[in-house]
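> Next comes data_28.cif, mmCIF, C-alpha atoms:
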data_data
loop_
_atom_site.label_atom_id
_atom_site.label_comp_id
_atom_site.auth_asym_id
_atom_site.auth_seq_id
_atom_site.Cartn_x
_atom_site.Cartn_y
_atom_site.Cartn_z
CA MET A 1 58.77 100.13 43.02
CA SER A 2 58.85 96.42 42.51
CA ILE A 3 56.65 93.99 44.36
CA VAL A 4 59.65 91.84 45.17
CA THR A 5 61.34 94.66 47.02
CA ASP A 6 58.21 95.64 48.88
CA SER A 7 57.70 92.08 50.02
CA TRP A 8 60.95 92.10 51.98
CA ASP A 9 60.03 92.70 55.60
CA ASP A 10 62.46 94.22 58.09
CA GLU A 11 63.75 90.91 59.38
CA THR A 12 64.36 89.63 55.85
CA VAL A 13 66.25 92.76 54.86
CA LEU A 14 68.36 92.62 58.01
CA ALA A 15 69.15 88.94 57.50
CA ALA A 16 70.04 89.53 53.85
CA LEU A 17 72.31 92.42 54.82
CA ARG A 18 74.00 90.28 57.46
CA GLU A 19 74.62 87.56 54.89
CA ALA A 20 75.94 90.06 52.31
CA GLN A 21 78.48 91.40 54.81
CA ARG A 22 79.45 87.90 55.88
CA ALA A 23 80.04 86.86 52.26
CA ARG A 24 82.30 89.86 51.75
CA ARG A 25 84.27 89.22 54.94
CA ALA A 26 84.76 85.57 53.95
CA VAL A 27 87.03 86.69 51.11
CA PRO A 28 90.63 87.08 52.29
CA PRO A 29 92.13 90.54 51.68
CA GLU A 30 95.09 89.04 49.76
CA PHE A 31 92.67 87.43 47.31
CA ILE A 32 91.17 90.82 46.59
CA GLU A 33 94.53 92.58 46.36
CA ALA A 34 95.81 90.00 43.86
CA ALA A 35 92.69 90.56 41.77
CA LYS A 36 93.19 94.32 41.82
CA SER A 37 96.81 94.01 40.74
CA ALA A 38 95.76 92.06 37.64
CA TYR A 39 94.84 95.46 36.19
CA ALA A 40 98.52 96.01 35.37
CA TRP A 41 97.87 93.76 32.36
CA HIS A 42 95.24 96.06 30.88
CA ASN A 43 95.68 97.18 27.28
CA ILE A 44 98.55 95.02 26.15
CA ASP A 45 99.31 96.03 22.59
CA ALA A 46 100.13 92.77 20.80
CA GLU A 47 98.32 90.16 18.78
CA LEU A 48 96.83 87.57 21.11
CA ALA A 49 97.56 83.90 20.47
CA GLN A 50 94.81 81.55 21.61
CA LEU A 51 95.39 78.11 23.04
CA THR A 52 94.40 75.87 20.13
CA TYR A 53 95.76 72.54 21.37
CA ASP A 54 96.46 71.08 24.80
CA SER A 55 97.46 67.43 25.03
CA THR A 56 96.06 67.14 28.57
CA ARG A 57 92.59 67.85 27.22
CA GLU A 58 92.87 64.68 25.16
CA SER A 59 94.27 62.55 27.96
CA ALA A 60 91.00 60.98 29.11
CA ASP A 61 91.05 58.91 25.93
CA LEU A 62 94.62 57.84 26.51
CA LEU A 63 94.33 56.60 30.08
CA SER A 64 94.02 52.98 29.06
CA VAL A 65 97.33 53.02 27.21
CA ARG A 66 99.29 55.16 29.66
CA THR A 67 102.70 53.84 30.62
CA GLU A 68 104.67 54.59 33.79
CA ALA A 69 106.47 57.49 32.17
CA ALA A 70 104.52 60.73 32.40
CA PRO A 71 103.45 61.84 28.94
CA ILE A 72 104.99 65.07 27.70
CA ARG A 73 102.45 67.83 27.69
CA ALA A 74 102.15 69.68 24.44
CA LEU A 75 100.49 73.06 23.91
CA THR A 76 99.89 75.08 20.79
CA PHE A 77 99.10 78.81 20.70
CA SER A 78 97.93 80.30 17.43
CA SER A 79 97.44 83.81 16.18
CA ALA A 80 96.65 84.91 12.66
CA HIS A 81 100.32 85.16 11.66
CA LEU A 82 102.26 83.00 14.08
CA THR A 83 102.02 79.71 15.92
CA ILE A 84 103.96 78.87 19.07
CA GLU A 85 104.36 75.20 19.89
CA LEU A 86 105.41 74.16 23.39
CA GLU A 87 106.44 70.90 25.02
CA VAL A 88 106.73 70.61 28.77
CA THR A 89 109.69 68.44 29.73
CA PRO A 90 110.54 67.68 33.37
CA ASP A 91 112.95 70.62 33.65
CA SER A 92 112.22 72.92 30.74
CA LEU A 93 109.84 74.28 28.17
CA ILE A 94 110.92 73.46 24.64
CA GLY A 95 109.33 75.63 21.99
CA GLN A 96 109.18 76.38 18.32
CA VAL A 97 107.95 79.43 16.46
CA VAL A 98 106.10 78.55 13.25
CA PRO A 99 106.74 79.54 10.51
CA ALA A 100 110.41 79.15 11.41
CA GLN A 101 112.15 82.47 12.02
CA SER A 102 114.38 84.22 14.52
CA ALA A 103 112.59 85.79 17.43
CA THR A 104 112.88 86.75 21.05
CA VAL A 105 110.58 84.97 23.48
CA VAL A 106 109.91 86.77 26.74
CA VAL A 107 108.45 84.95 29.75
CA GLN A 108 106.08 87.30 31.52
CA PRO A 109 105.07 86.04 34.95
CA SER A 110 101.85 87.53 36.30
CA THR A 111 103.98 88.92 39.11
CA GLY A 112 107.73 89.38 39.05
CA ALA A 113 110.45 90.05 36.52
CA GLU A 114 110.43 89.08 32.85
CA THR A 115 113.06 86.81 31.32
CA GLU A 116 114.18 86.81 27.67
CA PHE A 117 115.04 83.75 25.61
CA PRO A 118 116.32 84.22 22.06
CA THR A 119 115.39 81.56 19.51
CA ASP A 120 117.79 80.15 16.95
CA GLU A 121 117.25 80.88 13.25
CA THR A 122 114.74 78.02 13.01
CA GLY A 123 112.61 79.55 15.74
CA SER A 124 113.50 76.93 18.37
CA PHE A 125 113.91 77.96 21.97
CA ALA A 126 114.27 76.43 25.44
CA ILE A 127 113.06 77.98 28.67
CA ARG A 128 114.81 76.80 31.85
CA PRO A 129 113.67 76.52 34.54
CA ILE A 130 109.96 76.10 33.95
CA PRO A 131 108.16 79.24 35.15
CA PRO A 132 106.63 78.34 38.53
CA ALA A 133 103.29 80.14 38.38
CA THR A 134 100.97 81.71 35.86
CA PHE A 135 102.81 83.29 32.95
CA ARG A 136 102.48 84.21 29.32
CA LEU A 137 104.90 84.26 26.42
CA HIS A 138 105.51 87.41 24.46
CA CYS A 139 107.13 86.63 21.14
CA ARG A 140 108.70 89.34 18.94
CA THR A 141 110.12 88.07 15.69
CA ASP A 142 112.99 89.77 13.88
CA ALA A 143 110.53 90.31 11.03
CA GLY A 144 108.38 92.46 13.33
CA LEU A 145 105.58 90.14 14.42
CA ASP A 146 104.42 90.78 17.98
CA VAL A 147 102.39 87.99 19.55
CA LEU A 148 101.28 87.38 23.12
CA THR A 149 99.96 84.01 24.34
CA ARG A 150 97.07 83.51 26.68
CA TRP A 151 97.91 82.91 30.31
CA ILE A 152 99.53 79.56 30.98
CA THR A 153 99.49 77.61 34.24
CA LEU A 154 101.34 74.32 34.04
CA MET B 1 69.98 91.97 36.35
CA ARG B 2 71.45 92.29 32.90
CA ASP B 3 70.26 95.88 32.92
CA ASP B 4 72.08 96.73 36.13
CA PRO B 5 73.51 100.17 35.30
CA THR B 6 76.22 99.84 37.95
CA VAL B 7 77.92 96.94 36.19
CA ILE B 8 77.55 98.47 32.74
CA ALA B 9 79.07 101.74 33.94
CA LEU B 10 81.94 99.99 35.70
CA VAL B 11 82.80 97.89 32.65
CA ALA B 12 82.75 100.98 30.43
CA ARG B 13 85.04 102.87 32.81
CA VAL B 14 87.50 99.97 32.98
CA GLY B 15 87.54 99.94 29.18
CA ASP B 16 88.49 103.62 29.31
CA GLY B 17 91.43 102.80 31.54
CA ASP B 18 89.91 103.71 34.90
CA ARG B 19 91.80 101.74 37.52
CA GLU B 20 89.41 102.77 40.31
CA ALA B 21 86.55 101.21 38.35
CA TRP B 22 88.53 97.99 38.09
CA ASN B 23 89.03 97.98 41.86
CA GLU B 24 85.30 98.51 42.38
CA LEU B 25 84.54 95.68 40.01
CA VAL B 26 86.89 93.42 41.96
CA GLU B 27 85.36 94.42 45.31
CA ARG B 28 81.93 93.73 43.92
CA TYR B 29 82.60 90.34 42.35
CA ALA B 30 85.50 88.81 44.28
CA PRO B 31 82.97 87.15 46.61
CA LEU B 32 81.35 85.48 43.59
CA VAL B 33 84.64 84.03 42.34
CA TRP B 34 85.59 83.03 45.87
CA SER B 35 82.29 81.34 46.68
CA ILE B 36 82.33 79.23 43.52
CA CYS B 37 85.86 78.02 44.33
CA VAL B 38 84.67 77.14 47.83
CA ARG B 39 81.76 75.23 46.33
CA TYR B 40 84.25 73.11 44.42
CA GLN B 41 86.17 72.57 47.67
CA LEU B 42 89.49 73.73 46.26
CA SER B 43 92.49 74.23 48.54
CA ARG B 44 93.53 77.79 49.30
CA PRO B 45 96.52 77.75 46.90
CA ASP B 46 94.26 76.41 44.16
CA ILE B 47 91.69 79.11 44.86
CA ASP B 48 94.42 81.73 44.51
CA ASP B 49 95.47 80.13 41.24
CA VAL B 50 91.91 80.17 39.91
CA GLY B 51 91.40 83.76 41.05
CA GLN B 52 94.55 84.91 39.33
CA THR B 53 93.61 83.25 36.06
CA VAL B 54 90.04 84.54 36.14
CA TRP B 55 91.01 88.15 36.79
CA LEU B 56 93.83 88.11 34.27
CA LEU B 57 91.43 86.74 31.67
CA LEU B 58 88.91 89.42 32.56
CA VAL B 59 91.47 92.20 32.15
CA GLU B 60 92.28 90.77 28.76
CA GLN B 61 88.67 90.24 27.68
CA ILE B 62 86.81 93.11 29.25
CA GLY B 63 86.97 95.22 26.10
CA ASN B 64 85.36 92.39 24.14
CA LEU B 65 82.40 91.64 26.39
CA ARG B 66 79.48 91.85 24.03
CA GLU B 67 77.07 92.52 26.86
CA PRO B 68 78.70 94.16 29.89
CA ALA B 69 75.73 93.40 32.12
CA ALA B 70 76.40 89.69 31.57
CA LEU B 71 79.72 90.06 33.38
CA PRO B 72 78.61 88.10 36.49
CA GLY B 73 77.69 85.18 34.27
CA TRP B 74 81.00 85.42 32.46
CA LEU B 75 82.91 85.47 35.76
CA ALA B 76 80.96 82.53 37.16
CA THR B 77 81.40 80.42 34.04
CA THR B 78 85.09 81.20 33.77
CA THR B 79 85.63 80.46 37.47
CA LYS B 80 83.81 77.17 37.18
CA ARG B 81 85.88 76.14 34.17
CA GLU B 82 89.14 76.98 35.95
CA CYS B 83 88.02 75.03 39.04
CA LEU B 84 87.30 72.01 36.88
CA ARG B 85 90.66 72.35 35.15
CA ILE B 86 92.42 72.14 38.51
CA LEU B 87 90.30 69.24 39.74
CA ARG B 88 91.03 67.28 36.57
CA ALA B 89 94.75 68.00 36.82
CA GLU B 90 94.78 66.78 40.43
CA ARG B 91 93.02 63.58 39.51
CA ARG B 92 95.57 62.94 36.81
CA HIS B 93 98.35 63.58 39.27
CA ASP B 94 96.84 61.11 41.74
CA HIS B 95 96.54 58.48 39.00
CA ALA B 96 92.91 58.22 39.96
CA VAL B 97 90.42 57.06 37.44
CA LEU B 98 88.71 60.01 35.85
CA PRO B 99 85.02 59.95 36.61
CA PRO B 100 82.87 60.25 33.56
CA GLU B 101 81.85 63.77 34.46
CA ASP B 102 82.83 66.49 36.85
CA GLN B 103 82.55 66.58 40.60
CA MET B 104 79.01 67.89 40.61
CA PRO B 105 76.52 66.49 38.12
CA PRO B 106 76.18 69.05 35.30
CA ASP B 107 72.58 69.98 36.09
CA ASP B 108 73.34 70.51 39.77
CA ALA B 109 76.52 72.40 38.96
CA ASP B 110 74.67 74.75 36.61
CA SER B 111 71.91 75.49 39.08
CA VAL B 112 74.45 76.00 41.87
CA ILE B 113 76.33 78.47 39.68
CA GLU B 114 73.10 80.28 38.83
CA GLN B 115 72.24 80.54 42.51
CA GLU B 116 75.70 81.89 43.26
CA ILE B 117 75.33 84.54 40.56
CA ILE B 118 71.95 85.66 41.87
CA LYS B 119 73.22 85.71 45.44
CA ALA B 120 76.39 87.61 44.48
CA GLU B 121 74.34 90.27 42.69
CA ARG B 122 71.95 90.60 45.59
CA ASP B 123 74.78 90.79 48.12
CA ALA B 124 76.66 93.37 46.07
CA ALA B 125 73.52 95.49 45.71
CA LEU B 126 72.83 95.27 49.44
CA ARG B 127 76.39 96.32 50.27
CA ALA B 128 76.20 99.19 47.78
CA ALA B 129 72.87 100.36 49.21
CA PHE B 130 74.14 99.98 52.76
CA ALA B 131 77.26 102.04 51.99
CA GLU B 132 75.06 104.96 50.91
CA LEU B 133 72.94 105.09 54.05
CA PRO B 134 73.29 108.10 56.38
CA PRO B 135 75.91 107.57 59.12
CA VAL B 136 73.33 107.02 61.87
CA CYS B 137 71.70 104.22 59.88
CA HIS B 138 75.06 102.77 58.99
CA GLU B 139 76.11 102.61 62.63
CA LEU B 140 72.84 101.25 63.89
CA LEU B 141 72.43 98.54 61.28
CA SER B 142 76.09 97.54 61.61
CA MET B 143 75.44 96.86 65.28
CA LEU B 144 72.15 95.10 64.69
CA ILE B 145 73.62 92.62 62.20
CA GLY B 146 76.42 91.77 64.63
CA ASP B 147 76.67 88.23 65.87
CA PRO B 148 75.30 87.99 68.46
CA ALA B 149 72.99 90.95 67.95
CA PRO B 150 73.36 93.29 70.94
CA ALA B 151 70.51 94.14 73.30
CA TYR B 152 68.83 97.50 72.70
CA ALA B 153 70.21 98.68 76.06
CA GLU B 154 73.74 98.15 74.78
CA VAL B 155 72.92 99.79 71.43
CA SER B 156 71.52 102.73 73.36
CA VAL B 157 74.73 103.19 75.33
CA ARG B 158 77.10 102.70 72.42
CA LEU B 159 75.25 104.96 69.99
CA GLY B 160 73.97 107.47 72.53
CA MET B 161 70.43 106.84 71.29
CA ALA B 162 67.34 106.63 73.49
CA ILE B 163 66.07 103.05 73.71
CA GLY B 164 62.64 104.17 72.61
CA SER B 165 63.95 105.57 69.35
CA ILE B 166 65.99 102.52 68.33
CA GLY B 167 62.99 100.60 66.98
CA PRO B 168 61.62 103.47 64.86
CA THR B 169 65.12 104.40 63.62
CA ARG B 170 65.76 100.80 62.67
CA ALA B 171 62.51 100.68 60.73
CA ARG B 172 63.28 103.98 58.97
CA CYS B 173 66.80 102.88 58.07
CA LEU B 174 65.66 99.55 56.71
CA GLU B 175 63.02 101.31 54.65
CA ARG B 176 65.71 103.58 53.18
CA LEU B 177 67.79 100.54 52.39
CA ARG B 178 64.85 98.80 50.77
CA ARG B 179 64.13 101.86 48.62
CA SER B 180 67.71 102.20 47.41
CA PRO B 181 68.02 102.27 43.62
CA HIS B 182 70.66 99.52 43.91
CA LEU B 183 68.10 97.14 45.36
CA VAL B 184 65.31 98.08 43.01
CA THR B 185 67.47 97.08 40.04
CA VAL B 186 68.54 93.75 41.40
CA LEU B 187 65.56 92.63 43.41
CA GLY B 188 63.15 93.84 40.79
CA SER B 189 64.75 91.66 38.14
CA GLN B 190 64.84 88.57 40.28
CA ALA B 191 61.31 87.86 39.17
CA GLY B 192 62.79 87.60 35.67
CA ALA B 193 63.88 84.45 33.95
CA ILE B 194 67.14 82.72 34.71
CA GLU B 195 68.06 82.51 31.04
CA ASP B 196 68.91 86.17 31.30
CA GLU B 197 71.96 85.05 33.26
CA GLU B 198 73.57 83.24 30.37
CA PRO B 199 77.09 84.56 29.90
CA ARG B 200 77.33 86.55 26.73
CA GLY B 201 80.95 87.44 26.46
CA GLU B 202 82.46 84.10 27.21
CA HIS B 203 85.80 83.64 25.53
CA ARG B 204 86.93 80.47 23.89
CA ASP B 205 90.26 78.79 24.11
#
Let me see whether you can do it: turn the structure in this file into structure tokens.


Amino acid sequence: MSIVTDSWDDETVLAALREAQRARRAVPPEFIEAAKSAYAWHNIDAELAQLTYDSTRESADLLSVRTEAAPIRALTFSSAHLTIELEVTPDSLIGQVVPAQSATVVVQPSTGAETEFPTDETGSFAIRPIPPATFRLHCRTDAGLDVLTRWITL
Amino acid sequence: MRDDPTVIALVARVGDGDREAWNELVERYAPLVWSICVRYQLSRPDIDDVGQTVWLLLVEQIGNLREPAALPGWLATTTKRECLRILRAERRHDHAVLPPEDQMPPDDADSVIEQEIIKAERDAALRAAFAELPPVCHELLSMLIGDPAPAYAEVSVRLGMAIGSIGPTRARCLERLRRSPHLVTVLGSQAGAIEDEEPRGEHRD
């Protein structure tokens, strides 16, 4: 038995227990339910594409030259065999699969229905409207590549 | 804390596809994620956003955690990073000048996060130990930690327990709680060094 445990007198234990219960009650039930439902995304069987570039991460350096127009945000997701480039325009997501090839891009919101967007033969695609919440892109190329981006929140 | 068998077992079961284990993991650590968001003073919608991202990342990464017992550290670090991402985005939106560093000075932020991890582990262990107490202890202690704590006379009426036996029962129940294996693991390791809390399985963007 550890000394630390033995040194807790009754009042200390009771106070600690009170605080532990309070901390648990402070968390809204919806917050916990949303966390539990994230399990639906367990064991996705596709190659994961990591976020390798995000223009907003560079923006601190650009503040001094910023104009009135909001800069277009650019994101790049890379896996071993495929890169997905994204630009966030005011009303859409413009994307490109690299190397250029035909594919189907599926928007997977963390909750709700999926939407499919076919690319043209150069791998270009446009997603309208911009997905409102957290989502990921699942890209299946005609050549059989199967790539899933990390979660995106714009 | 890194040797806490509860966490290691839960992570392993989630890896095997056990949804109940995932729910237990969430119940155990949601207060940690929540409390860090509160520390950063995020709005409720932003907290929900952070929570969603953190748990989705965990589902994705849980099979790759090199050291399952470091999960609390991973969760805390990931939550902190997502909080900072939102704060930075809001500052950009407000056209405010970006401060050179984040809201809390880095040293303070790190020690706050470490404190939150230690507290979350202690709280989770206390709740786990409490849940395993015999019903009479559970009822009595639940009443005694109420705010305000009731007088013994009221406890006596509500639990049908002689006033004279409340004190000894309370002492016995608290001793059982103190001796719970859950508390031995966590409290025993609190004497250990903080560097044990470094997240091991942190992912990189």

> Output the residue selection produced by the PyMOL selection byres ((chain A) within 9 of (chain B)) on the file above, formatted as a ChimeraX atom specification.

/A:1-6,8-10,13-21,23-27,31-44,50-53,56,59-60,63,110,133-134,150-153

> Show me as a VMD selection string the residues that reach within 10 Å of (100.8, 80.3, 13.5), counting only C-alpha atoms and using the file's own coordinates.

chain A and resid 49 76 to 85 97 to 100 147

> What does the structure give for the distance between atom CA of Ala74 of chain A and atom CA of Ala126 of chain A, in Å to one decimal?

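These two atoms are separated by 13.9 Å.
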
> Would you mind listing what lies within 6 Å of Gly95 of chain A as an mmCIF file with C-alpha atoms, in the frame of the given file, with all atoms listed in the file counted and same-chain residues fewer than 3 positions away left out?


data_model
loop_
_atom_site.group_PDB
_atom_site.id
_atom_site.type_symbol
_atom_site.label_atom_id
_atom_site.label_comp_id
_atom_site.auth_asym_id
_atom_site.auth_seq_id
_atom_site.Cartn_x
_atom_site.Cartn_y
_atom_site.Cartn_z
ATOM 1 C CA GLU A 85 104.360 75.200 19.890
ATOM 2 C CA LEU A 86 105.410 74.160 23.390
ATOM 3 C CA SER A 124 113.500 76.930 18.370
ATOM 4 C CA PHE A 125 113.910 77.960 21.970
#

> Would you work out the distance separating atom CA of His182 of chain B from atom CA of Glu132 of chain B, expressed in Å to one decimal?

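Spanning atom CA of His182 of chain B to atom CA of Glu132 of chain B is a straight-line distance of 9.9 Å.
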
> Looking at only C-alpha atoms, which of B:Pro72, B:Thr77, B:Cys37, B:Arg66 is the one that sits closest to Asp4 of chain B?

B:Pro72

> One number please: atom CA of Asp110 of chain B to atom CA of Ala76 of chain B, in Å, one decimal.

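These atoms are spaced 10.0 Å apart.
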
> Could you tell me which residues the PyMOL selection byres ((chain B and resi 6-9) around 8) grabs in this file, written as an MDAnalysis selection string?

chainID B and resid 3:5 10:13 25 68:69 71

> Expanded to explicit residues, what is the PyMOL selection byres ((chain A and resi 107) around 8) for this file, as a list in words?

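On this input, the PyMOL selection byres ((chain A and resi 107) around 8) captures Val105, Val106, Gln108, Pro109, Glu114, Thr115, Glu116, Phe117, Pro131, Phe135, Arg136, Leu137 and His138 of chain A.
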
> Which of these residues is nearest to Arg176 of chain B, using only C-alpha atoms: B:Ala162, B:Ala109, B:Cys137, B:Val155?

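Of the candidates, the smallest distance to Arg176 of chain B is held by B:Cys137.
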
> Save segment 31-41 of chain A to disk from that block, all heavy atoms included, as a PDB file, in the first residue's frame.


ATOM      1  N   PHE A  31     -22.221  16.140 -24.937  1.00  0.00           N
ATOM      2  CA  PHE A  31     -20.791  16.104 -25.237  1.00  0.00           C
ATOM      3  C   PHE A  31     -20.282  14.661 -25.173  1.00  0.00           C
ATOM      4  O   PHE A  31     -19.511  14.208 -26.013  1.00  0.00           O
ATOM      5  CB  PHE A  31     -20.050  16.984 -24.224  1.00  0.00           C
ATOM      6  CG  PHE A  31     -18.579  17.156 -24.500  1.00  0.00           C
ATOM      7  CD1 PHE A  31     -18.140  18.064 -25.452  1.00  0.00           C
ATOM      8  CD2 PHE A  31     -17.640  16.419 -23.795  1.00  0.00           C
ATOM      9  CE1 PHE A  31     -16.786  18.240 -25.691  1.00  0.00           C
ATOM     10  CE2 PHE A  31     -16.285  16.583 -24.032  1.00  0.00           C
ATOM     11  CZ  PHE A  31     -15.852  17.496 -24.985  1.00  0.00           C
ATOM     12  N   ILE A  32     -20.773  13.947 -24.183  1.00  0.00           N
ATOM     13  CA  ILE A  32     -20.353  12.555 -24.013  1.00  0.00           C
ATOM     14  C   ILE A  32     -20.972  11.661 -25.085  1.00  0.00           C
ATOM     15  O   ILE A  32     -20.301  10.794 -25.647  1.00  0.00           O
ATOM     16  CB  ILE A  32     -20.707  12.087 -22.588  1.00  0.00           C
ATOM     17  CG1 ILE A  32     -19.805  12.825 -21.594  1.00  0.00           C
ATOM     18  CG2 ILE A  32     -20.578  10.582 -22.455  1.00  0.00           C
ATOM     19  CD1 ILE A  32     -20.038  12.507 -20.161  1.00  0.00           C
ATOM     20  N   GLU A  33     -22.230  11.912 -25.426  1.00  0.00           N
ATOM     21  CA  GLU A  33     -22.872  11.097 -26.462  1.00  0.00           C
ATOM     22  C   GLU A  33     -22.195  11.290 -27.811  1.00  0.00           C
ATOM     23  O   GLU A  33     -21.999  10.331 -28.560  1.00  0.00           O
ATOM     24  CB  GLU A  33     -24.365  11.433 -26.548  1.00  0.00           C
ATOM     25  CG  GLU A  33     -25.181  10.876 -25.389  1.00  0.00           C
ATOM     26  CD  GLU A  33     -24.837   9.419 -25.079  1.00  0.00           C
ATOM     27  OE1 GLU A  33     -24.905   8.583 -26.013  1.00  0.00           O
ATOM     28  OE2 GLU A  33     -24.475   9.108 -23.935  1.00  0.00           O
ATOM     29  N   ALA A  34     -21.832  12.540 -28.132  1.00  0.00           N
ATOM     30  CA  ALA A  34     -21.136  12.801 -29.398  1.00  0.00           C
ATOM     31  C   ALA A  34     -19.804  12.053 -29.427  1.00  0.00           C
ATOM     32  O   ALA A  34     -19.416  11.486 -30.453  1.00  0.00           O
ATOM     33  CB  ALA A  34     -20.909  14.300 -29.579  1.00  0.00           C
ATOM     34  N   ALA A  35     -19.117  12.040 -28.302  1.00  0.00           N
ATOM     35  CA  ALA A  35     -17.835  11.336 -28.231  1.00  0.00           C
ATOM     36  C   ALA A  35     -18.031   9.837 -28.446  1.00  0.00           C
ATOM     37  O   ALA A  35     -17.278   9.184 -29.161  1.00  0.00           O
ATOM     38  CB  ALA A  35     -17.172  11.601 -26.879  1.00  0.00           C
ATOM     39  N   LYS A  36     -19.073   9.286 -27.848  1.00  0.00           N
ATOM     40  CA  LYS A  36     -19.326   7.853 -28.008  1.00  0.00           C
ATOM     41  C   LYS A  36     -19.640   7.511 -29.462  1.00  0.00           C
ATOM     42  O   LYS A  36     -19.209   6.487 -29.975  1.00  0.00           O
ATOM     43  CB  LYS A  36     -20.478   7.421 -27.098  1.00  0.00           C
ATOM     44  CG  LYS A  36     -20.083   7.377 -25.623  1.00  0.00           C
ATOM     45  CD  LYS A  36     -21.251   6.948 -24.753  1.00  0.00           C
ATOM     46  CE  LYS A  36     -20.808   6.863 -23.283  1.00  0.00           C
ATOM     47  NZ  LYS A  36     -21.942   6.576 -22.391  1.00  0.00           N
ATOM     48  N   SER A  37     -20.377   8.405 -30.133  1.00  0.00           N
ATOM     49  CA  SER A  37     -20.779   8.085 -31.503  1.00  0.00           C
ATOM     50  C   SER A  37     -19.609   8.156 -32.475  1.00  0.00           C
ATOM     51  O   SER A  37     -19.695   7.645 -33.585  1.00  0.00           O
ATOM     52  CB  SER A  37     -21.918   8.995 -31.955  1.00  0.00           C
ATOM     53  OG  SER A  37     -21.444  10.314 -32.071  1.00  0.00           O
ATOM     54  N   ALA A  38     -18.509   8.765 -32.063  1.00  0.00           N
ATOM     55  CA  ALA A  38     -17.325   8.810 -32.932  1.00  0.00           C
ATOM     56  C   ALA A  38     -16.805   7.407 -33.231  1.00  0.00           C
ATOM     57  O   ALA A  38     -16.070   7.196 -34.199  1.00  0.00           O
ATOM     58  CB  ALA A  38     -16.216   9.647 -32.285  1.00  0.00           C
ATOM     59  N   TYR A  39     -17.222   6.437 -32.415  1.00  0.00           N
ATOM     60  CA  TYR A  39     -16.741   5.063 -32.610  1.00  0.00           C
ATOM     61  C   TYR A  39     -17.149   4.496 -33.969  1.00  0.00           C
ATOM     62  O   TYR A  39     -16.518   3.577 -34.493  1.00  0.00           O
ATOM     63  CB  TYR A  39     -17.268   4.164 -31.497  1.00  0.00           C
ATOM     64  CG  TYR A  39     -16.713   2.768 -31.571  1.00  0.00           C
ATOM     65  CD1 TYR A  39     -15.444   2.492 -31.085  1.00  0.00           C
ATOM     66  CD2 TYR A  39     -17.446   1.729 -32.153  1.00  0.00           C
ATOM     67  CE1 TYR A  39     -14.916   1.223 -31.174  1.00  0.00           C
ATOM     68  CE2 TYR A  39     -16.927   0.457 -32.235  1.00  0.00           C
ATOM     69  CZ  TYR A  39     -15.665   0.211 -31.745  1.00  0.00           C
ATOM     70  OH  TYR A  39     -15.144  -1.050 -31.837  1.00  0.00           O
ATOM     71  N   ALA A  40     -18.218   5.057 -34.547  1.00  0.00           N
ATOM     72  CA  ALA A  40     -18.672   4.571 -35.856  1.00  0.00           C
ATOM     73  C   ALA A  40     -17.549   4.643 -36.895  1.00  0.00           C
ATOM     74  O   ALA A  40     -17.601   3.952 -37.913  1.00  0.00           O
ATOM     75  CB  ALA A  40     -19.874   5.380 -36.316  1.00  0.00           C
ATOM     76  N   TRP A  41     -16.530   5.466 -36.622  1.00  0.00           N
ATOM     77  CA  TRP A  41     -15.441   5.638 -37.587  1.00  0.00           C
ATOM     78  C   TRP A  41     -14.274   4.697 -37.326  1.00  0.00           C
ATOM     79  O   TRP A  41     -13.202   4.850 -37.907  1.00  0.00           O
ATOM     80  CB  TRP A  41     -14.961   7.087 -37.569  1.00  0.00           C
ATOM     81  CG  TRP A  41     -16.027   8.001 -38.024  1.00  0.00           C
ATOM     82  CD1 TRP A  41     -16.900   8.701 -37.241  1.00  0.00           C
ATOM     83  CD2 TRP A  41     -16.390   8.295 -39.364  1.00  0.00           C
ATOM     84  NE1 TRP A  41     -17.766   9.407 -38.018  1.00  0.00           N
ATOM     85  CE2 TRP A  41     -17.479   9.177 -39.319  1.00  0.00           C
ATOM     86  CE3 TRP A  41     -15.891   7.885 -40.610  1.00  0.00           C
ATOM     87  CZ2 TRP A  41     -18.084   9.665 -40.479  1.00  0.00           C
ATOM     88  CZ3 TRP A  41     -16.492   8.384 -41.749  1.00  0.00           C
ATOM     89  CH2 TRP A  41     -17.573   9.262 -41.672  1.00  0.00           C
TER      90      TRP A  41
END
